[in-house]
>>> print(open('query.cif').read())   # mmCIF, C-alpha atoms and all ligand atoms
data_run
#
loop_
_atom_site.label_atom_id
_atom_site.label_comp_id
_atom_site.auth_asym_id
_atom_site.auth_seq_id
_atom_site.Cartn_x
_atom_site.Cartn_y
_atom_site.Cartn_z
CA ALA G 14 116.10 52.37 181.93
CA THR G 15 118.98 50.18 180.83
CA THR G 16 117.26 47.40 178.89
CA LEU G 17 114.96 47.49 175.86
CA GLY G 18 112.00 45.96 177.67
CA ALA G 19 112.23 48.09 180.80
CA SER G 20 112.71 51.24 178.73
CA ALA G 21 109.69 50.42 176.57
CA ALA G 22 107.65 49.66 179.69
CA GLU G 23 108.39 53.16 181.00
CA GLN G 24 106.74 54.39 177.79
CA GLY G 25 103.73 52.10 178.32
CA ARG G 26 104.88 49.75 175.58
CA TYR G 27 106.60 46.43 175.08
CA PHE G 28 109.81 45.58 173.24
CA GLY G 29 109.85 42.01 172.03
CA THR G 30 111.72 39.51 169.91
CA ALA G 31 110.98 36.48 167.80
CA VAL G 32 112.15 33.35 169.64
CA ALA G 33 113.03 29.87 168.35
CA ALA G 34 112.31 27.16 170.92
CA TYR G 35 115.37 25.11 170.00
CA LYS G 36 117.63 28.01 170.92
CA LEU G 37 116.33 28.38 174.48
CA SER G 38 119.08 26.03 175.67
CA ASP G 39 121.76 28.36 174.23
CA SER G 40 122.94 30.34 177.25
CA THR G 41 124.06 33.42 175.32
CA TYR G 42 120.72 33.56 173.53
CA SER G 43 118.71 32.92 176.66
CA GLY G 44 120.70 35.40 178.68
CA ILE G 45 119.91 38.21 176.25
CA LEU G 46 116.27 37.14 175.94
CA ASN G 47 115.74 37.06 179.70
CA ARG G 48 117.50 40.37 180.25
CA GLU G 49 116.27 42.57 177.41
CA PHE G 50 112.79 41.66 176.22
CA ASN G 51 109.29 41.89 177.69
CA SER G 52 107.41 40.31 174.79
CA VAL G 53 108.06 37.24 172.69
CA THR G 54 106.75 35.88 169.39
CA ALA G 55 107.28 32.26 168.38
CA GLU G 56 109.25 32.48 165.15
CA ASN G 57 107.73 29.28 163.71
CA GLU G 58 106.31 27.19 166.55
CA MET G 59 102.70 28.47 166.53
CA LYS G 60 102.26 28.21 162.76
CA TRP G 61 99.78 25.79 161.25
CA ASP G 62 102.36 23.22 160.11
CA ALA G 63 103.87 23.11 163.61
CA THR G 64 100.65 23.03 165.63
CA GLU G 65 98.48 20.73 163.48
CA PRO G 66 100.83 18.48 161.54
CA THR G 67 98.06 15.95 161.07
CA GLN G 68 94.49 17.13 160.64
CA GLY G 69 92.73 17.23 163.99
CA SER G 70 95.83 16.23 165.94
CA PHE G 71 97.50 19.14 167.68
CA SER G 72 101.10 19.49 168.76
CA TYR G 73 102.01 22.32 171.11
CA GLY G 74 105.27 21.20 172.71
CA SER G 75 107.68 23.75 171.20
CA ALA G 76 105.22 26.62 171.37
CA ASP G 77 104.41 25.79 174.98
CA GLN G 78 108.14 26.00 175.82
CA ILE G 79 108.21 29.55 174.49
CA VAL G 80 105.06 30.52 176.39
CA ALA G 81 106.50 29.03 179.58
CA ARG G 82 109.71 31.04 179.16
CA ALA G 83 107.68 34.20 178.54
CA LYS G 84 105.74 33.57 181.73
CA SER G 85 108.91 32.98 183.74
CA ILE G 86 110.43 36.30 182.64
CA GLY G 87 107.18 38.27 182.85
CA ALA G 88 106.97 38.84 179.10
CA LYS G 89 103.84 39.13 177.00
CA VAL G 90 103.25 36.72 174.11
CA ARG G 91 102.35 37.69 170.55
CA GLY G 92 100.69 34.72 168.89
CA HIS G 93 101.88 34.16 165.31
CA ALA G 94 100.04 33.15 163.13
CA LEU G 95 96.64 31.44 163.01
CA ALA G 96 95.79 31.66 159.29
CA TRP G 97 98.44 32.11 156.59
CA HIS G 98 99.00 30.82 153.07
CA GLN G 99 102.56 29.73 153.97
CA GLN G 100 103.74 27.07 156.41
CA GLN G 101 100.53 25.13 156.08
CA PRO G 102 100.80 21.41 156.82
CA GLY G 103 100.87 19.21 153.74
CA TRP G 104 97.34 17.97 154.33
CA ALA G 105 95.97 21.52 154.15
CA GLN G 106 98.01 22.70 151.19
CA ASN G 107 95.92 20.92 148.63
CA MET G 108 92.56 21.32 150.33
CA SER G 109 89.95 23.67 148.95
CA GLY G 110 86.41 24.91 149.33
CA THR G 111 84.26 24.21 152.35
CA ALA G 112 86.59 21.50 153.64
CA LEU G 113 89.53 23.94 153.78
CA ARG G 114 87.39 26.75 155.21
CA ASN G 115 86.18 24.46 158.00
CA ALA G 116 89.68 23.10 158.63
CA MET G 117 91.03 26.65 158.91
CA LEU G 118 88.27 27.73 161.28
CA ASN G 119 88.75 24.63 163.42
CA HIS G 120 92.48 25.37 163.52
CA VAL G 121 91.88 28.95 164.65
CA THR G 122 89.43 27.79 167.31
CA GLN G 123 91.62 24.98 168.65
CA VAL G 124 94.87 26.95 168.84
CA ALA G 125 93.29 30.11 170.24
CA THR G 126 91.48 27.98 172.83
CA HIS G 127 94.68 26.16 173.83
CA TYR G 128 96.37 29.51 174.53
CA LYS G 129 93.28 31.26 175.87
CA GLY G 130 94.24 33.94 178.39
CA GLN G 131 97.96 33.69 177.64
CA ILE G 132 98.24 35.73 174.45
CA ASP G 133 98.43 39.51 174.43
CA SER G 134 97.93 39.83 170.65
CA TRP G 135 97.26 37.22 167.98
CA ASP G 136 98.23 37.57 164.35
CA VAL G 137 94.93 36.06 163.26
CA VAL G 138 95.61 36.50 159.56
CA ASN G 139 99.03 37.02 158.03
CA GLU G 140 100.01 38.38 154.60
CA ALA G 141 96.64 38.13 152.83
CA PHE G 142 97.19 40.98 150.37
CA ALA G 143 99.06 40.94 147.06
CA ASP G 144 102.28 42.83 146.49
CA GLY G 145 102.42 45.56 143.88
CA SER G 146 99.87 48.08 142.77
CA SER G 147 96.71 45.96 142.43
CA GLY G 148 95.42 46.42 145.96
CA ALA G 149 93.94 42.96 145.58
CA ARG G 150 93.87 40.05 147.92
CA ARG G 151 96.70 37.58 147.45
CA ASP G 152 95.62 34.51 145.55
CA SER G 153 95.86 31.48 147.85
CA ASN G 154 93.95 28.38 148.76
CA LEU G 155 92.45 30.30 151.70
CA GLN G 156 91.39 33.24 149.50
CA ARG G 157 89.74 30.81 147.10
CA THR G 158 87.43 29.65 149.91
CA GLY G 159 85.70 33.03 149.61
CA ASN G 160 86.53 36.67 150.28
CA ASP G 161 85.01 36.48 153.77
CA TRP G 162 87.68 34.06 155.02
CA ILE G 163 89.50 36.81 156.88
CA GLU G 164 86.51 38.03 158.84
CA ALA G 165 85.47 34.45 159.54
CA ALA G 166 88.90 33.80 161.05
CA PHE G 167 88.68 36.91 163.23
CA ARG G 168 85.22 35.97 164.51
CA ALA G 169 86.38 32.46 165.38
CA ALA G 170 89.42 33.84 167.22
CA ARG G 171 87.30 36.31 169.21
CA THR G 172 84.93 33.54 170.28
CA ALA G 173 87.81 31.29 171.35
CA ASP G 174 89.82 33.90 173.29
CA PRO G 175 87.84 37.08 173.94
CA ALA G 176 90.69 38.71 175.91
CA ALA G 177 93.36 38.52 173.21
CA LYS G 178 93.86 41.46 170.90
CA LEU G 179 93.28 40.32 167.33
CA CYS G 180 95.66 41.63 164.67
CA TYR G 181 96.00 41.63 160.91
CA ASN G 182 99.74 41.41 160.06
CA ASP G 183 101.55 42.09 156.77
CA TYR G 184 104.78 43.29 155.09
CA ASN G 185 105.37 46.09 152.56
CA THR G 186 102.51 47.92 154.26
CA ASP G 187 104.85 50.09 156.35
CA GLY G 188 104.41 53.20 154.18
CA GLN G 189 101.40 54.46 152.28
CA ASN G 190 101.07 52.47 149.07
CA ALA G 191 98.51 50.41 147.16
CA LYS G 192 98.96 47.42 149.46
CA SER G 193 98.63 49.36 152.71
CA ASN G 194 95.69 51.28 151.25
CA ALA G 195 93.94 47.98 150.63
CA VAL G 196 94.59 46.81 154.20
CA PHE G 197 93.40 50.20 155.44
CA ALA G 198 90.14 49.81 153.53
CA MET G 199 89.63 46.34 154.98
CA VAL G 200 90.19 47.54 158.55
CA GLN G 201 87.85 50.49 157.98
CA ASP G 202 85.21 48.10 156.65
CA PHE G 203 85.69 45.68 159.57
CA LYS G 204 85.28 48.52 162.08
CA ALA G 205 82.16 49.77 160.26
CA ARG G 206 80.55 46.31 160.23
CA GLY G 207 81.62 45.21 163.72
CA VAL G 208 84.05 42.50 162.61
CA PRO G 209 86.34 42.04 165.63
CA ILE G 210 89.77 43.52 164.93
CA ASP G 211 91.93 45.27 167.52
CA CYS G 212 95.33 45.81 165.94
CA VAL G 213 97.37 45.91 162.79
CA GLY G 214 100.91 44.57 162.64
CA PHE G 215 103.51 46.16 160.37
CA GLN G 216 106.29 43.64 159.85
CA SER G 217 108.91 46.24 158.93
CA HIS G 218 111.55 44.11 157.20
CA PHE G 219 113.74 46.91 155.86
CA ASN G 220 116.74 46.87 153.56
CA ALA G 221 118.56 49.07 151.08
CA GLN G 222 115.93 48.43 148.38
CA SER G 223 113.05 49.23 150.73
CA PRO G 224 114.35 51.47 153.51
CA LEU G 225 112.28 52.97 156.28
CA PRO G 226 109.53 54.83 154.40
CA SER G 227 109.49 58.58 154.98
CA ASP G 228 105.79 58.34 155.83
CA TYR G 229 106.18 55.41 158.26
CA GLN G 230 104.86 57.37 161.24
CA ALA G 231 102.05 58.93 159.21
CA ASN G 232 101.01 55.49 157.99
CA LEU G 233 100.98 54.03 161.53
CA GLN G 234 98.96 57.05 162.62
CA ARG G 235 96.29 56.74 159.93
CA PHE G 236 95.63 53.15 160.96
CA ALA G 237 95.57 54.14 164.65
CA ASN G 238 92.99 56.77 163.74
CA LEU G 239 90.68 53.96 162.66
CA GLY G 240 90.53 52.84 166.29
CA VAL G 241 93.02 49.97 166.31
CA ASP G 242 96.36 49.54 168.02
CA VAL G 243 99.35 49.38 165.73
CA GLN G 244 102.43 47.27 166.39
CA ILE G 245 105.80 46.90 164.69
CA THR G 246 105.90 43.12 164.57
CA GLU G 247 109.00 41.78 162.77
CA LEU G 248 111.50 44.61 162.67
CA ASP G 249 114.87 44.01 161.07
CA ILE G 250 116.97 46.46 159.09
CA GLU G 251 119.77 45.45 156.73
CA GLY G 252 123.03 47.37 156.95
CA SER G 253 125.58 48.15 159.62
CA GLY G 254 127.18 50.90 161.63
CA THR G 255 125.79 54.39 161.91
CA ALA G 256 123.32 54.14 159.03
CA GLN G 257 121.70 51.06 160.53
CA ALA G 258 121.74 52.57 164.01
CA ASN G 259 120.03 55.73 162.76
CA ALA G 260 117.37 53.67 161.01
CA TYR G 261 116.63 51.69 164.20
CA GLY G 262 116.41 54.95 166.14
CA SER G 263 113.98 56.36 163.58
CA ALA G 264 111.80 53.25 163.65
CA VAL G 265 111.53 53.34 167.44
CA ARG G 266 110.77 57.08 167.46
CA ALA G 267 108.05 56.61 164.82
CA CYS G 268 106.29 54.13 167.10
CA LEU G 269 106.69 56.29 170.20
CA ALA G 270 105.21 59.26 168.33
CA VAL G 271 101.97 57.30 167.77
CA THR G 272 99.98 56.90 170.98
CA ARG G 273 98.38 53.65 169.83
CA CYS G 274 101.68 52.10 168.70
CA ASN G 275 101.92 49.91 171.76
CA GLY G 276 104.84 47.64 170.98
CA ILE G 277 107.83 46.78 168.85
CA THR G 278 109.16 43.30 168.08
CA VAL G 279 112.49 42.58 166.39
CA TRP G 280 112.66 39.41 164.29
CA GLY G 281 115.43 37.66 166.18
CA ILE G 282 118.15 38.41 168.72
CA ARG G 283 121.62 38.04 167.17
CA ASP G 284 122.46 38.63 163.52
CA SER G 285 123.08 34.89 163.26
CA ASP G 286 119.52 34.22 164.44
CA SER G 287 118.00 36.13 161.52
CA TRP G 288 115.89 34.41 158.84
CA ARG G 289 117.86 36.46 156.31
CA ALA G 290 120.47 34.18 154.80
CA SER G 291 123.26 36.71 155.09
CA GLY G 292 123.57 40.17 156.46
CA THR G 293 123.53 41.77 159.83
CA PRO G 294 120.00 43.08 160.37
CA LEU G 295 119.54 42.73 164.15
CA LEU G 296 120.57 44.44 167.42
CA PHE G 297 123.19 41.96 168.68
CA ASP G 298 126.18 40.55 166.80
CA ASN G 299 126.82 36.84 166.38
CA SER G 300 128.58 36.72 169.76
CA GLY G 301 125.72 38.45 171.53
CA ASN G 302 127.41 41.83 171.86
CA LYS G 303 125.28 44.96 171.65
CA LYS G 304 125.64 46.76 168.31
CA ALA G 305 125.37 50.48 167.62
CA ALA G 306 121.83 49.67 166.46
CA TYR G 307 121.04 48.42 169.98
CA THR G 308 122.27 51.63 171.57
CA ALA G 309 120.28 53.72 169.11
CA ALA G 310 117.09 51.76 169.81
CA LEU G 311 117.64 51.98 173.58
CA ASP G 312 118.37 55.71 173.45
CA ALA G 313 115.25 56.30 171.37
CA LEU G 314 113.15 54.35 173.89
CA ASN G 315 114.57 56.59 176.59
CA GLY G 316 113.56 59.72 174.72
CA GLY G 317 116.85 60.35 172.90
O1 LIG W 401 112.41 22.74 160.96
C1 LIG W 401 113.02 22.41 159.71
C2 LIG W 401 114.17 21.49 159.90
O2 LIG W 401 113.69 20.28 160.43
C3 LIG W 401 114.86 21.27 158.55
O3 LIG W 401 115.97 20.45 158.72
C4 LIG W 401 115.28 22.59 157.96
C5 LIG W 401 115.90 22.43 156.59
O4 LIG W 401 115.58 23.47 155.72
O5 LIG W 401 114.14 23.40 157.83
C6 LIG W 401 113.51 23.68 159.06
O6 LIG W 401 112.38 24.50 158.85
C7 LIG W 401 112.66 25.84 158.51
C8 LIG W 401 112.06 26.74 159.58
O7 LIG W 401 112.20 28.09 159.19
C9 LIG W 401 112.71 26.55 160.94
O8 LIG W 401 114.07 26.93 160.90
C10 LIG W 401 112.02 26.11 157.17
O9 LIG W 401 112.69 25.38 156.16
C11 LIG W 401 112.08 27.58 156.86
O10 LIG W 401 111.30 27.83 155.69
C12 LIG W 401 111.51 28.37 158.00
O11 LIG W 401 111.65 29.75 157.69
C13 LIG W 401 110.83 30.63 158.43
C14 LIG W 401 109.95 31.42 157.48
O12 LIG W 401 109.20 32.35 158.22
C15 LIG W 401 109.00 30.49 156.74
O13 LIG W 401 108.13 31.21 155.92
C16 LIG W 401 111.74 31.57 159.20
O14 LIG W 401 112.45 30.84 160.22
C17 LIG W 401 110.92 32.68 159.86
O15 LIG W 401 111.77 33.66 160.39
C18 LIG W 401 110.03 33.33 158.82
O16 LIG W 401 109.24 34.31 159.45
C19 LIG W 401 108.37 35.04 158.60
C20 LIG W 401 107.11 35.34 159.41
O17 LIG W 401 106.56 34.15 159.91
C21 LIG W 401 106.11 36.10 158.57
N1 LIG W 401 106.69 37.28 157.97
C22 LIG W 401 107.93 37.07 157.23
C23 LIG W 401 108.96 36.38 158.12
C24 LIG W 401 110.29 36.25 157.40
O18 LIG W 401 110.20 35.44 156.28
#
>>> encode(input="query.cif", output="structure tokens", more="lines below")
Ligand code: G3I
Amino acid sequence: ATTLGASAAEQGRYFGTAVAAYKLSDSTYSGILNREFNSVTAENEMKWDATEPTQGSFSYGSADQIVARAKSIGAKVRGHALAWHQQQPGWAQNMSGTALRNAMLNHVTQVATHYKGQIDSWDVVNEAFADGSSGARRDSNLQRTGNDWIEAAFRAARTADPAAKLCYNDYNTDGQNAKSNAVFAMVQDFKARGVPIDCVGFQSHFNAQSPLPSDYQANLQRFANLGVDVQITELDIEGSGTAQANAYGSAVRACLAVTRCNGITVWGIRDSDSWRASGTPLLFDNSGNKKAAYTAALDALNGG
């Protein structure tokens, strides 16, 4: 096929992008979104600070705009993210103990209920493991409510929206290392004890310092072997030209080689939409033209 989404669909997968609600009125941006993608993730609009700015008072306007656009173009929605140590509203940042645990669980329940039936996959918990070699949980106010906070969040999400696939999502877990081993052990434990988890998201923010790991596909496969779907959730790759194009092609082929890798999301449309302050990590240039990286990703989706 001739677009990313349609080509992915022919492979039984989706190809999505992060979307910012305030850019939907930009015709270049919207034109590419509507044409190319069959899944969307709200870049910031479904996060805790955006959806519950005041405790118990929920605000869904921007996120609803993104969901409405997804519906109008026939795209799936990845929900991002219910429980995370970053982008918490001010009122939650200094909470602790039972009060914070209950506030988090209420947040999960309220937001998952609001979007019930409209979300393909939810990032229920984001970035809960520490970087480096410890294999430990990341220290955070949520972690300090007790080690079972992650499973409690997943159970609350399942109850609120039984049809949504529930994912754990993280970065620097793309290859086999201490951090991904720790996530692997958690998923294995959840499956053994019946904690509801359906998918693992691999953010895949790549650059010269941390390029595509040589065992990327093997790592996706070992998680899939645990009985979860795997998804590339925030793909962007620093660089330009042929090297960048080859890396995008490799990332797409790694997913296609894993039966349970059911979708890929890039973290923005044009280079100028990227969260990265400088650089050119995405598939379209600042004017919305297709880059070599786009062609490589499309060709890979079409079996090239
Ligand atoms: O909305 C305010 C605006 O009112 C204000 O004027 C402006 C001034 O700084 O800030 C705006 O908020 C910014 C927001 O993006 C919306 O643009 C925040 O400062 C900024 O911190 C926020 O950055 C987001 C970042 O997550 C926050 O952690 C990025 O857009 C978003 O791409 C990024 O996404 C994360 C994923 O959620 C999780 N994985 C890593 C990924 C990249 O960091």
>>> residues_near_ligand(input="query.cif", ligand="ligand LIG 401 (chain W)", cutoff="9 Å", atoms="only C-alpha atoms and all ligand atoms", output="VMD selection string")
chain G and resid 31 33 55 to 58 60 63 93 to 94 97 99 to 100 139 to 140 182 to 184 216 218 246 to 247 280 to 281 286 to 289
>>> closest_residue(input="query.cif", among="G:Asp202, G:Asp211, G:Asp133, G:Glu23", to="G:Tyr181", atoms="all atoms listed in the file")
G:Asp211
>>> atom_distance(input="query.cif", atom1="atom CA of G:Lys89", atom2="atom CA of G:Val53")
6.3 Å
>>> residues_around(input="query.cif", residues="G:Thr64", least_positions_apart="2", cutoff="10 Å", atoms="all atoms listed in the file", output="CSV table (one decimal) with C-alpha atoms, in the coordinates of the input")
chain,number,residue,atom,x,y,z
G,57,ASN,CA,107.7,29.3,163.7
G,58,GLU,CA,106.3,27.2,166.6
G,59,MET,CA,102.7,28.5,166.5
G,60,LYS,CA,102.3,28.2,162.8
G,61,TRP,CA,99.8,25.8,161.2
G,62,ASP,CA,102.4,23.2,160.1
G,66,PRO,CA,100.8,18.5,161.5
G,67,THR,CA,98.1,16.0,161.1
G,68,GLN,CA,94.5,17.1,160.6
G,69,GLY,CA,92.7,17.2,164.0
G,70,SER,CA,95.8,16.2,165.9
G,71,PHE,CA,97.5,19.1,167.7
G,72,SER,CA,101.1,19.5,168.8
G,73,TYR,CA,102.0,22.3,171.1
G,74,GLY,CA,105.3,21.2,172.7
G,75,SER,CA,107.7,23.8,171.2
G,76,ALA,CA,105.2,26.6,171.4
G,95,LEU,CA,96.6,31.4,163.0
G,101,GLN,CA,100.5,25.1,156.1
G,102,PRO,CA,100.8,21.4,156.8
G,120,HIS,CA,92.5,25.4,163.5
G,123,GLN,CA,91.6,25.0,168.6
G,124,VAL,CA,94.9,27.0,168.8
>>> atom_distance(input="query.cif", atom1="atom CA of G:Glu49", atom2="atom CA of G:Ser227")
28.4 Å
>>> residues_around(input="query.cif", residues="G:Thr278", least_positions_apart="4", cutoff="7 Å", atoms="only C-alpha atoms", output="PDB file with C-alpha atoms, keeping the file's coordinate frame")
ATOM      1  CA  PHE G  28     109.810  45.580 173.240  1.00  0.00           C
ATOM      2  CA  GLY G  29     109.850  42.010 172.030  1.00  0.00           C
ATOM      3  CA  THR G  30     111.720  39.510 169.910  1.00  0.00           C
ATOM      4  CA  ILE G 245     105.800  46.900 164.690  1.00  0.00           C
ATOM      5  CA  THR G 246     105.900  43.120 164.570  1.00  0.00           C
ATOM      6  CA  GLU G 247     109.000  41.780 162.770  1.00  0.00           C
ATOM      7  CA  LEU G 248     111.500  44.610 162.670  1.00  0.00           C
TER       8      LEU G 248
END
>>> atom_distance(input="query.cif", atom1="atom CA of G:Pro175", atom2="atom CA of G:Ala21")
25.7 Å
>>> closest_residue(input="query.cif", among="G:Gly130, G:Gly18, G:Gly188, G:Gly110", to="G:Asn154", atoms="only C-alpha atoms")
G:Gly110
>>> closest_residue(input="query.cif", among="G:Ala267, G:Leu233, G:Thr272, G:Gly262", to="G:Ala305", atoms="only C-alpha atoms")
G:Gly262
>>> closest_residue(input="query.cif", among="G:Ile277, G:Val90, G:Val137, G:Ile250", to="G:Ala306", atoms="all atoms listed in the file")
G:Ile250
>>> axis_aligned_box(input="query.cif", around="stretch 40-50 of chain G", padding_each_side="6 Å", output="AutoDock Vina command-line options")
--center_x 118.4 --center_y 36.5 --center_z 176.9 --size_x 23.3 --size_y 24.2 --size_z 18.7
>>> residues_near_point(input="query.cif", point="(126.7, 42.3, 176.5)", cutoff="12 Å", atoms="only C-alpha atoms", output="MDAnalysis selection string")
chainID G and resid 15:16 41:42 44:46 48:49 283 296:304 307:308
>>> residues_around(input="query.cif", residues="G:Arg273", least_positions_apart="3", cutoff="10 Å", atoms="all atoms listed in the file", output="PyMOL selection string")
chain G and resi 26+212+233-234+236-238+240-244+268-270+276
>>> residues_around(input="query.cif", residues="stretch 145-151 of chain G", least_positions_apart="3", cutoff="6 Å", atoms="all atoms listed in the file", output="PyMOL selection string")
chain G and resi 141-142+191-192+195
>>> closest_residue(input="query.cif", among="G:Ala309, G:Asp77, G:Gly292, G:Lys204", to="G:Ala256", atoms="all atoms listed in the file")
G:Ala309
>>> residues_around(input="query.cif", residues="G:Leu314", least_positions_apart="2", cutoff="6 Å", atoms="all atoms listed in the file", output="list in words")
Ser20, Ala21, Leu311, Asp312 and Gly316 of chain G
>>> closest_residue(input="query.cif", among="G:Ala83, G:Ala125, G:Ala264, G:Thr158", to="G:Ala112", atoms="all atoms listed in the file")
G:Thr158
>>> build_atoms(input="query.cif", residues="stretch 143-151 of chain G", atoms="all heavy atoms", output="PDB file, keeping the file's coordinate frame")
ATOM      1  N   ALA G 143      98.068  41.083 148.135  1.00  0.00           N
ATOM      2  CA  ALA G 143      99.060  40.940 147.060  1.00  0.00           C
ATOM      3  C   ALA G 143     100.062  42.086 147.095  1.00  0.00           C
ATOM      4  O   ALA G 143      99.723  43.205 147.475  1.00  0.00           O
ATOM      5  CB  ALA G 143      98.351  40.913 145.713  1.00  0.00           C
ATOM      6  N   ASP G 144     101.274  41.787 146.679  1.00  0.00           N
ATOM      7  CA  ASP G 144     102.280  42.830 146.490  1.00  0.00           C
ATOM      8  C   ASP G 144     101.944  43.623 145.225  1.00  0.00           C
ATOM      9  O   ASP G 144     101.151  43.185 144.397  1.00  0.00           O
ATOM     10  CB  ASP G 144     103.669  42.200 146.364  1.00  0.00           C
ATOM     11  CG  ASP G 144     104.104  41.576 147.680  1.00  0.00           C
ATOM     12  OD1 ASP G 144     103.969  42.237 148.716  1.00  0.00           O
ATOM     13  OD2 ASP G 144     104.561  40.421 147.666  1.00  0.00           O
ATOM     14  N   GLY G 145     102.581  44.773 145.093  1.00  0.00           N
ATOM     15  CA  GLY G 145     102.420  45.560 143.880  1.00  0.00           C
ATOM     16  C   GLY G 145     101.249  46.523 143.978  1.00  0.00           C
ATOM     17  O   GLY G 145     100.791  46.863 145.063  1.00  0.00           O
ATOM     18  N   SER G 146     100.787  46.937 142.821  1.00  0.00           N
ATOM     19  CA  SER G 146      99.870  48.080 142.770  1.00  0.00           C
ATOM     20  C   SER G 146      98.405  47.686 142.669  1.00  0.00           C
ATOM     21  O   SER G 146      97.537  48.550 142.588  1.00  0.00           O
ATOM     22  CB  SER G 146     100.237  48.954 141.568  1.00  0.00           C
ATOM     23  OG  SER G 146     100.147  48.174 140.390  1.00  0.00           O
ATOM     24  N   SER G 147      98.101  46.364 142.682  1.00  0.00           N
ATOM     25  CA  SER G 147      96.710  45.960 142.430  1.00  0.00           C
ATOM     26  C   SER G 147      95.777  46.284 143.593  1.00  0.00           C
ATOM     27  O   SER G 147      94.594  46.518 143.400  1.00  0.00           O
ATOM     28  CB  SER G 147      96.645  44.463 142.139  1.00  0.00           C
ATOM     29  OG  SER G 147      96.925  43.724 143.325  1.00  0.00           O
ATOM     30  N   GLY G 148      96.298  46.259 144.803  1.00  0.00           N
ATOM     31  CA  GLY G 148      95.420  46.420 145.960  1.00  0.00           C
ATOM     32  C   GLY G 148      94.484  45.238 146.165  1.00  0.00           C
ATOM     33  O   GLY G 148      93.514  45.315 146.914  1.00  0.00           O
ATOM     34  N   ALA G 149      94.801  44.147 145.520  1.00  0.00           N
ATOM     35  CA  ALA G 149      93.940  42.960 145.580  1.00  0.00           C
ATOM     36  C   ALA G 149      94.368  42.040 146.716  1.00  0.00           C
ATOM     37  O   ALA G 149      95.475  42.151 147.243  1.00  0.00           O
ATOM     38  CB  ALA G 149      94.003  42.206 144.258  1.00  0.00           C
ATOM     39  N   ARG G 150      93.476  41.140 147.048  1.00  0.00           N
ATOM     40  CA  ARG G 150      93.870  40.050 147.920  1.00  0.00           C
ATOM     41  C   ARG G 150      94.904  39.177 147.202  1.00  0.00           C
ATOM     42  O   ARG G 150      94.875  39.045 145.980  1.00  0.00           O
ATOM     43  CB  ARG G 150      92.655  39.178 148.266  1.00  0.00           C
ATOM     44  CG  ARG G 150      91.608  39.885 149.120  1.00  0.00           C
ATOM     45  CD  ARG G 150      92.029  39.998 150.561  1.00  0.00           C
ATOM     46  NE  ARG G 150      90.955  40.616 151.353  1.00  0.00           N
ATOM     47  CZ  ARG G 150      89.910  39.950 151.857  1.00  0.00           C
ATOM     48  NH1 ARG G 150      89.799  38.650 151.647  1.00  0.00           N
ATOM     49  NH2 ARG G 150      88.989  40.570 152.555  1.00  0.00           N
ATOM     50  N   ARG G 151      95.765  38.557 147.992  1.00  0.00           N
ATOM     51  CA  ARG G 151      96.700  37.580 147.450  1.00  0.00           C
ATOM     52  C   ARG G 151      95.922  36.326 147.062  1.00  0.00           C
ATOM     53  O   ARG G 151      95.053  35.868 147.804  1.00  0.00           O
ATOM     54  CB  ARG G 151      97.711  37.222 148.543  1.00  0.00           C
ATOM     55  CG  ARG G 151      98.679  36.117 148.214  1.00  0.00           C
ATOM     56  CD  ARG G 151      99.422  35.671 149.452  1.00  0.00           C
ATOM     57  NE  ARG G 151     100.219  36.742 150.023  1.00  0.00           N
ATOM     58  CZ  ARG G 151     101.414  37.124 149.567  1.00  0.00           C
ATOM     59  NH1 ARG G 151     101.957  36.496 148.548  1.00  0.00           N
ATOM     60  NH2 ARG G 151     102.057  38.113 150.153  1.00  0.00           N
TER      61      ARG G 151
END
